[in-house]
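Reviewing the structure listed below.
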4 protein chains.
Amino acid sequence: MSQRSRDLAHVGSVELFTATPQETVDFFVRLMGMTVSREAGDSVYVHAWDDYEKFTVKVTERSQSGIGRTYVRAAGPEALERRVAAVKDAGQDGAWVEDEFGLGPIYLTRDPDGHEIGLYYETEWYAPPAELKPALKNQASAFPGRGANVRRLDHVNYLAQDVPANGAFMQDGLGARLTEQIVLDAGQPSAQWFHICDKSYDLVYTADWAGHRGRLHHVAFATDTREDILRAADVFLEGGIHIETGPHKHAIQQTFFLYVWEPGGNRIELCNAGARLVLAPDWKPVSWSQAERAKGQAWGLKTIETFHTHGTPPVEPGP
Amino acid sequence: MSQRSRDLAHVGSVELFTATPQETVDFFVRLMGMTVSREAGDSVYVHAWDDYEKFTVKVTERSQSGIGRTYVRAAGPEALERRVAAVKDAGQDGAWVEDEFGLGPIYLTRDPDGHEIGLYYETEWYAPPAELKPALKNQASAFPGRGANVRRLDHVNYLAQDVPANGAFMQDGLGARLTEQIVLDAGQPSAQWFHICDKSYDLVYTADWAGHRGRLHHVAFATDTREDILRAADVFLEGGIHIETGPHKHAIQQTFFLYVWEPGGNRIELCNAGARLVLAPDWKPVSWSQAERAKGQAWGLKTIETFHTHGTPPVEPGP
Amino acid sequence: MSQRSRDLAHVGSVELFTATPQETVDFFVRLMGMTVSREAGDSVYVHAWDDYEKFTVKVTERSQSGIGRTYVRAAGPEALERRVAAVKDAGQDGAWVEDEFGLGPIYLTRDPDGHEIGLYYETEWYAPPAELKPALKNQASAFPGRGANVRRLDHVNYLAQDVPANGAFMQDGLGARLTEQIVLDAGQPSAQWFHICDKSYDLVYTADWAGHRGRLHHVAFATDTREDILRAADVFLEGGIHIETGPHKHAIQQTFFLYVWEPGGNRIELCNAGARLVLAPDWKPVSWSQAERAKGQAWGLKTIETFHTHGTPPVEPGP
Amino acid sequence: MSQRSRDLAHVGSVELFTATPQETVDFFVRLMGMTVSREAGDSVYVHAWDDYEKFTVKVTERSQSGIGRTYVRAAGPEALERRVAAVKDAGQDGAWVEDEFGLGPIYLTRDPDGHEIGLYYETEWYAPPAELKPALKNQASAFPGRGANVRRLDHVNYLAQDVPANGAFMQDGLGARLTEQIVLDAGQPSAQWFHICDKSYDLVYTADWAGHRGRLHHVAFATDTREDILRAADVFLEGGIHIETGPHKHAIQQTFFLYVWEPGGNRIELCNAGARLVLAPDWKPVSWSQAERAKGQAWGLKTIETFHTHGTPPVEPGP
């Protein structure tokens with residue numbers, strides 16, 4: 001049984017690449033219910049209404065879609081030091097940088113697959129402008145009541161060439177804990193879900209069918225209710241956004257979900273876990289077989305084909 | 001048992017008076033999820049997203065709040081003629097006018113309490129501008145996904161000096177049917193709910209505690225879900241709108257409700273009836289006693305005091 | 001434009017055939033939230049919690065699944081007489097019987113496809129036993145809070161060999177009005193939705209791919225919320241009920257839906273229309289082309305194949 | 001700023017006293033959607049459907065209502081030892097016992113107010129009987145779809161004679177962290193909310209207006225949706241359960257809530273926090289003033305008077 005180290009508190013924010021930054025930002029602001037907290041150079045920072053930090057997603061213009069850095073906040077200064085040491089022990093090198101909006105020193109490293117991960121502790125808290133001052137002082141900014149109305153970032157699902165190798169880094173390097181996985185009949189896992197906080201997953205690896213490295217399957221945002229997701233489906237329908245699959249309920253992790261492609265091509269999930277948390281310190285990872293997966297999602301929906309062919313950046317099938 | 005005549009199809013739209021037209025329109029557009037379909041003189045016409053007619057509420061500037069005309073659509077030309085005759089038989093005079101946006105000939109009359117009622121059949125269907133064209137052609141305009149997101153007008157609740165007299169007009173003149181009422185221990189009804197379509201109520205009379213005439217208790221708008229109403233409560237909280245009472249469930253009619261005061265002072269209800277309809281052609285009116293009313297709403301919420309002191313326009317207690 | 005005659009008030013109840021009556025009744029009671037109101041001979045009558053009549057579904061043991069009588073209530077005695085005359089004028093014969101639990105004289109006829117339809121006006125109102133007495137006297141029986149918790153019957157969707165011929169009977173014989181339809185590129189309708197009350201549909205014809213007569217596509221029940229349907233999906237999952245497709249939102253009629261097969265094999269739909277009603281007396285039927293249908297449901301779900309191969313009773317493909 | 005020690009994982013279960021055990025158990029099973037996992041002596045153990053441990057509430061017959069032991073699970077054996085040492089340092093004595101169903105060694109102590117708290121690590125996982133085996137293997141038992149359908153225990157709110165003294169114990173002894181509090185104008189806190197896991201609160205102290213010790217304000221259970229709570233309100237209404245206040249949304253912690261009194265008299269809360277979690281390792285406690293509290297709950301509901309007069313066991317006002 002893998003233990004959580006508790007050195008890492010939660011995933012703080014993520015950087016997404018897009019060739020159509022204006023449309024991507026409009027998606028996050030108008031349809032997802034977020035607001036712009038900063039514009040700088042090729043990047044626009046968007047903020048979910050209850051994120052206590054300065055930004056939730058950094059939208060950066062690039063010739064191709066995909067994921068940039070994933071920032072993960074440590075539980076404290078010593079915890080950060082412990083993780084940096086563990087990452088080195090896990091064989092991944094890195095370097096200290098201090099180059100991000102709202103964040104202090106960042107230890108920048110990569111998982112074996114090449115996804116950039118920035119570990120940090122120091123962060124500036126979000127201070128809403130007057131027009132976004134919330135009526136209740138125990139939330140970060142005003143409730144938007146707009147579109148998908150996402151409260152916060154939920155998780156990142158990476159595509160990886162070698163799931164077990166990256167899963168080992170997730171456990172040994174980041175101190176995350178495996179909660180659920182898909183194990184192929186041949187014996188190796190094809191997808192692994194890890195958590196660092198009490199949510200049942202925060203970081204996920206899915207086998208990259210194309211055999212490439214450093215790609216993204218999806219980034220997910222949490223809504224307060226399933227109804228927010230049903231409403232969002234109508235919002236995306238009107239907005240001309242490609243709805244890939246859902247709303248439905250995952251068998252794995254039991255998350256109520258909706259998947260869309262933002263205008264830049266990155267897959268975005270809206271998710272709601274209800275009151276489900278993994279609080280057991282001795283949680284035993286749940287393994288799903290190919291036969292169990294073949295049954296589809298919780299209520300029988302078959303997994304859509306593009307779920308196994310669309311990742312960002314798009315690539316030609318690999319070797 | 002009173003029968004429905006079926007000559008009247010549904011309440012079409014309502015005119016509200018406000019001394020702060022800009023704020024009132026902003027309330028309907030930004031917080032209720034409606035759009036402006038026309039501006040003319042002292043009036044701004046706002047449209048709910050699934051209203052097939054040209055407007056849902058006509059917001060008219062006046063020195064005081066209150067209700068203007070209530071437009072009720074007939075089921076056909078002959079049905080309209082029958083109702084005009086019945087209104088005359090009921091002792092209310094009126095006149096034909098043709099002076100309203102999107103509507104053909106209107107027979108303008110008043111209930112005994114003085115509320116203006118316009119009966120019509122001819123109407124122009126709403127044609128959305130390009131930016132409001134819906135993705136699904138079986139709805140009137142694009143799904144807003146904004147604020148309370150109201151789909152349509154639901155009902156009007158009038159304050160009346162003499163409830164039984166106005167209730168008799170509702171039945172004999174308009175051919176509406178009584179579905180529920182509050183009957184005081186002294187024997188007379190203090191509030192009566194009537195329906196003309198299959199919803200359990202469309203037009204309501206509540207005794208005016210101030211003894212005045214022609215005033216409004218509230219106008220209600222229907223949302224698709226109860227969650228829309230819970231979300232709207234947060235939207236109104238952020239918007240600085242006075243939330244008078246709710247969300248809760250009425251014992252009478254079992255409507256899930258939220259009451260707020262729009263910036264002009266008129267009481268607005270958001271309501272959701274779930275799948276409840278009154279389909280029985282021989283429905284027996286349900287009468288509630290003072291003792292039953294004293295129990296409060298369905299889940300025990302006590303009726304708020306302002307519910308019996310705030311009407312529009314505001315007045316000094318009468319003779 | 002077809003007009004509603006308003007002679008018929010609503011669909012009252014439906015008879016379903018099943019070879020596994022015990023399992024079918026258990027499905028309606030334990031999972032759908034209904035109760036047994038009578039057992040007699042080969043039939044068990046089940047009642048939805050807010051049905052004012054004595055039963056909602058008559059479950060009758062037969063060697064095969066399928067639909068028996070559909071009972072439709074008239075708006076009054078004269079309205080019933082008018083419909084009986086219209087049915088005869090439409091070329092369908094019939095006869096008066098008085099042989100059903102809780103119902104008075106029934107004019108028993110058939111649509112051109114052979115589905116039995118019983119028109120009636122006289123009905124006994126449901127009187128709940130002590131343990132089902134509701135806390136609020138304006139509902140028929142106690143709120144179950146169990147499983148799908150369906151409030152009432154919503155609509156019946158028949159398979160028919162000749163949709164236009166049956167659609168003509170629906171309009172001329174029953175005085176129903178066409179609200180939406182699917183029109184094939186060849187020009188003829190392959191499915192037509194009709195309403196008799198203010199709901200957007202009550203009775204539907206779908207082309208029978210097998211070329212047979214008198215079969216059933218599905219019977220639908222209304223829940224108060226979409227959440228009831230999401231919960232029901234988990235209830236059916238635990239109950240071992242086959243979930244065919246959904247939850248999702250129909251493009252046609254925009255109903256939020258879930259389809260399952262009750263243990264006897266009949267397709268059952270749970271539906272929620274939100275606040276959508278068709279109140280316009282001059283509603284223009286909406287026609288959907290094959291190309292529009294190919295887009296799938298509102299949020300992109302492709303129509304499941306069994307939706308075009310599973311009907312009851314099951315049959316061999318016809319000529 | 002107080003830090004969480006992370007030595008304690010979550011509140012495991014709670015013991016409630018009742019003079020009407022049969023009615024109290026029926027409340028938890030039939031209306032709350034739980035099941036009986038054991039009966040022994042004067043106690044009946046009930047289990048919420050997604051609780052991984054053997055019981056969620058231990059219902060024990062006593063002449064008076066109130067709370068017995070609160071069991072809190074440690075993150076590991078060493079973490080448990082650290083907490084035991086910290087509790088001793090905090091001046092509270094205790095003793096090791098091994099006397100509870102499903103639990104290993106328990107360090108039994110009391111907070112300064114006298115509430116019994118049992119700290120443990122070893123626990124037996126719940127193994128559902130055949131009829132409660134879940135369809136999805138990543139949940140503890142079958143989804144009930146019954147009544148309030150609570151997923152798990154959420155928090156305990158204790159009445160205490162001296163809130164600051166008990167709050168200090170919560171932080172120094174249990175290593176919990178203060179997230180929100182009410183601070184009286186006189187300067188001292190009258191209520192404090194603490195969390196040990198990522199939920200925004202797990203254990204709460206409210207000033208006992210009667211000046212007594214060891215009493216209970218309420219025990220709360222989490223539902224997956226707000227709709228579960230709205231439905232539950234109808235279920236309680238039909239069940240003759242006293243609904244004290246709600247459904248509504250708290251300003252403090254922003255929880256959607258409903259309060260009822262179980263037949264034994266103990267106040268029970270149903271709560272839903274949406275996607276709100278307190279993930280910041282450096283969360284700054286939010287303090288609410290008397291003036292802010294006077295505004296009532298989030299949407300304006302005034303706090304009901306019994307909220308400040310009803311606790312269990314009931315007592316005469318103290319010195």
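Chain identifiers are assigned as A, B, and so on, following the order in which chains appear in the structure tokens; residues are numbered from 1 within each chain, and ligands are numbered from 1 in order of appearance.
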Could you give me, as CSV, every chain D residue with an atom at most 8 Å from chain B, plus its closest atom pair and distance in Å to one decimal, counting only C-alpha atoms, rows ordered by chain then number?
```
residue,atom,partner,partner_atom,distance
D:Glu227,CA,B:Glu227,CA,7.6
D:Ala233,CA,B:Trp299,CA,6.4
D:Asp234,CA,B:Trp299,CA,7.4
D:Leu237,CA,B:Trp299,CA,6.6
D:Ile243,CA,B:Trp299,CA,6.6
D:Glu244,CA,B:Gly300,CA,7.5
D:Thr245,CA,B:Leu301,CA,7.2
D:Gly246,CA,B:Leu301,CA,7.7
D:Pro247,CA,B:His248,CA,6.9
D:His248,CA,B:Pro247,CA,6.9
D:Ala298,CA,B:Leu237,CA,7.7
D:Trp299,CA,B:Ala233,CA,6.4
D:Gly300,CA,B:Ile243,CA,6.7
D:Leu301,CA,B:Thr245,CA,7.2
```
Output N, CA and C atoms for every residue in the selection just made, as a PDB file, in the first residue's frame.
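This went into out-v7.pdb:
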```
ATOM      1  N   GLU D 227     -29.892  18.572  -4.162  1.00  0.00           N
ATOM      2  CA  GLU D 227     -31.197  17.985  -4.466  1.00  0.00           C
ATOM      3  C   GLU D 227     -31.526  16.860  -3.487  1.00  0.00           C
ATOM      4  N   ALA D 233     -36.168  16.801   2.583  1.00  0.00           N
ATOM      5  CA  ALA D 233     -37.129  17.647   3.298  1.00  0.00           C
ATOM      6  C   ALA D 233     -38.546  17.097   3.095  1.00  0.00           C
ATOM      7  N   ASP D 234     -38.853  16.659   1.875  1.00  0.00           N
ATOM      8  CA  ASP D 234     -40.172  16.059   1.631  1.00  0.00           C
ATOM      9  C   ASP D 234     -40.307  14.717   2.351  1.00  0.00           C
ATOM     10  N   LEU D 237     -40.923  15.496   5.939  1.00  0.00           N
ATOM     11  CA  LEU D 237     -42.289  16.020   6.062  1.00  0.00           C
ATOM     12  C   LEU D 237     -43.275  14.851   6.121  1.00  0.00           C
ATOM     13  N   ILE D 243     -38.770  19.288  11.237  1.00  0.00           N
ATOM     14  CA  ILE D 243     -37.786  20.041  10.455  1.00  0.00           C
ATOM     15  C   ILE D 243     -37.594  21.355  11.190  1.00  0.00           C
ATOM     16  N   GLU D 244     -36.379  21.570  11.689  1.00  0.00           N
ATOM     17  CA  GLU D 244     -36.140  22.765  12.495  1.00  0.00           C
ATOM     18  C   GLU D 244     -35.899  23.999  11.632  1.00  0.00           C
ATOM     19  N   THR D 245     -35.035  23.872  10.655  1.00  0.00           N
ATOM     20  CA  THR D 245     -34.763  25.004   9.763  1.00  0.00           C
ATOM     21  C   THR D 245     -34.048  24.538   8.505  1.00  0.00           C
ATOM     22  N   GLY D 246     -34.264  25.300   7.431  1.00  0.00           N
ATOM     23  CA  GLY D 246     -33.678  24.979   6.149  1.00  0.00           C
ATOM     24  C   GLY D 246     -34.730  24.363   5.248  1.00  0.00           C
ATOM     25  N   PRO D 247     -34.358  23.929   4.058  1.00  0.00           N
ATOM     26  CA  PRO D 247     -33.032  24.006   3.463  1.00  0.00           C
ATOM     27  C   PRO D 247     -32.628  25.460   3.178  1.00  0.00           C
ATOM     28  N   HIS D 248     -31.341  25.732   3.376  1.00  0.00           N
ATOM     29  CA  HIS D 248     -30.799  27.058   3.114  1.00  0.00           C
ATOM     30  C   HIS D 248     -29.280  26.908   3.051  1.00  0.00           C
ATOM     31  N   ALA D 298     -26.702  32.833   4.475  1.00  0.00           N
ATOM     32  CA  ALA D 298     -26.223  33.386   3.197  1.00  0.00           C
ATOM     33  C   ALA D 298     -27.312  34.104   2.407  1.00  0.00           C
ATOM     34  N   TRP D 299     -28.497  33.504   2.369  1.00  0.00           N
ATOM     35  CA  TRP D 299     -29.562  34.078   1.550  1.00  0.00           C
ATOM     36  C   TRP D 299     -30.586  34.818   2.409  1.00  0.00           C
ATOM     37  N   GLY D 300     -30.199  35.135   3.638  1.00  0.00           N
ATOM     38  CA  GLY D 300     -31.033  36.003   4.469  1.00  0.00           C
ATOM     39  C   GLY D 300     -31.901  35.330   5.514  1.00  0.00           C
ATOM     40  N   LEU D 301     -31.928  34.008   5.533  1.00  0.00           N
ATOM     41  CA  LEU D 301     -32.744  33.330   6.542  1.00  0.00           C
ATOM     42  C   LEU D 301     -32.222  33.683   7.931  1.00  0.00           C
TER      43      LEU D 301
END
```
> How far is it from CA of Pro144 in chain B to CA of Met34 in chain A, in Å with one decimal?
Replying inline: 16.2 Å
> Residues at most 8 Å from range 145-153 of chain C, counting only C-alpha atoms, excluding those fewer than 5 positions away in the same chain, as an NGL selection string?
Replying inline: (:B and (275-276)) or (:C and (11-13 or 30-34 or 48-51 or 56 or 220-224 or 228-229 or 231-232 or 235 or 270)) or (:D and (145-147 or 231-232 or 234-235))
> CA of Thr24 in chain B and CA of Glu238 in chain A are how many Å apart?
Replying inline: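 Computing it gives 26.5 Å between the two atoms.
Counting only C-alpha atoms, the residue from C:Ala273, C:Thr35, C:Gly167, C:Val97 that sits nearest to Phe143 in chain C is C:Thr35.
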> Can you list, as JSON, numbers by chain, every residue of range 150-229 of chain C that DSSP puts in strand (DSSP E or B)?
Replying inline: {"C": [152, 153, 154, 155, 156, 157, 158, 159, 160, 177, 178, 179, 180, 181, 182, 183, 189, 190, 191, 192, 193, 194, 195, 203, 204, 205, 206, 207, 216, 217, 218, 219, 220, 221, 222]}
> What does the distance between CA of Arg4 in chain C and CA of Gln3 in chain B come to in Å, to one decimal place?
Replying inline: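 CA of Arg4 in chain C sits 17.9 Å away from CA of Gln3 in chain B.
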> Which is closest to Gly214 in chain C among C:Pro285, C:Gly66, C:Gly114, C:Gly311, if we use only C-alpha atoms?
Replying inline: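 Under the stated criterion, the closest residue is C:Gly114.
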> Per DSSP on the backbone, what are the alpha helix (DSSP H) residues of range 56-125 of chain B, as a ChimeraX atom specification?
Replying inline: /B:77-89
Once you have the residues from the selection above, write them out as an mmCIF file, in the first residue's frame, restricted to N, CA, C and O atoms.
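For reference, part23.cif as written:
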```cif
data_model
loop_
_atom_site.group_PDB
_atom_site.id
_atom_site.type_symbol
_atom_site.label_atom_id
_atom_site.label_comp_id
_atom_site.auth_asym_id
_atom_site.auth_seq_id
_atom_site.Cartn_x
_atom_site.Cartn_y
_atom_site.Cartn_z
ATOM 1 N N PRO B 77 -59.631 33.196 -32.526
ATOM 2 C CA PRO B 77 -60.460 34.397 -32.748
ATOM 3 C C PRO B 77 -61.850 34.277 -32.117
ATOM 4 O O PRO B 77 -62.314 35.193 -31.439
ATOM 5 N N GLU B 78 -62.512 33.123 -32.295
ATOM 6 C CA GLU B 78 -63.858 32.965 -31.741
ATOM 7 C C GLU B 78 -63.781 32.916 -30.219
ATOM 8 O O GLU B 78 -64.618 33.481 -29.510
ATOM 9 N N ALA B 79 -62.760 32.227 -29.722
ATOM 10 C CA ALA B 79 -62.590 32.139 -28.271
ATOM 11 C C ALA B 79 -62.436 33.544 -27.684
ATOM 12 O O ALA B 79 -63.006 33.859 -26.635
ATOM 13 N N LEU B 80 -61.702 34.384 -28.399
ATOM 14 C CA LEU B 80 -61.508 35.756 -27.940
ATOM 15 C C LEU B 80 -62.853 36.493 -27.899
ATOM 16 O O LEU B 80 -63.196 37.148 -26.905
ATOM 17 N N GLU B 81 -63.661 36.321 -28.928
ATOM 18 C CA GLU B 81 -64.977 36.965 -28.965
ATOM 19 C C GLU B 81 -65.836 36.494 -27.796
ATOM 20 O O GLU B 81 -66.512 37.280 -27.130
ATOM 21 N N ARG B 82 -65.787 35.185 -27.537
ATOM 22 C CA ARG B 82 -66.585 34.649 -26.421
ATOM 23 C C ARG B 82 -66.163 35.282 -25.103
ATOM 24 O O ARG B 82 -66.982 35.640 -24.269
ATOM 25 N N ARG B 83 -64.854 35.443 -24.924
ATOM 26 C CA ARG B 83 -64.372 36.021 -23.666
ATOM 27 C C ARG B 83 -64.755 37.487 -23.531
ATOM 28 O O ARG B 83 -65.107 37.951 -22.447
ATOM 29 N N VAL B 84 -64.714 38.194 -24.647
ATOM 30 C CA VAL B 84 -65.091 39.613 -24.609
ATOM 31 C C VAL B 84 -66.551 39.725 -24.169
ATOM 32 O O VAL B 84 -66.913 40.534 -23.301
ATOM 33 N N ALA B 85 -67.378 38.856 -24.738
ATOM 34 C CA ALA B 85 -68.801 38.860 -24.358
ATOM 35 C C ALA B 85 -68.955 38.500 -22.880
ATOM 36 O O ALA B 85 -69.732 39.133 -22.151
ATOM 37 N N ALA B 86 -68.206 37.531 -22.434
ATOM 38 C CA ALA B 86 -68.310 37.089 -21.036
ATOM 39 C C ALA B 86 -67.839 38.180 -20.070
ATOM 40 O O ALA B 86 -68.418 38.369 -19.003
ATOM 41 N N VAL B 87 -66.806 38.911 -20.472
ATOM 42 C CA VAL B 87 -66.312 40.000 -19.632
ATOM 43 C C VAL B 87 -67.395 41.065 -19.490
ATOM 44 O O VAL B 87 -67.654 41.571 -18.395
ATOM 45 N N LYS B 88 -68.067 41.354 -20.608
ATOM 46 C CA LYS B 88 -69.159 42.333 -20.553
ATOM 47 C C LYS B 88 -70.285 41.812 -19.667
ATOM 48 O O LYS B 88 -70.804 42.529 -18.799
ATOM 49 N N ASP B 89 -70.623 40.543 -19.849
ATOM 50 C CA ASP B 89 -71.675 39.947 -19.012
ATOM 51 C C ASP B 89 -71.300 40.020 -17.533
ATOM 52 O O ASP B 89 -72.157 40.121 -16.660
#
```
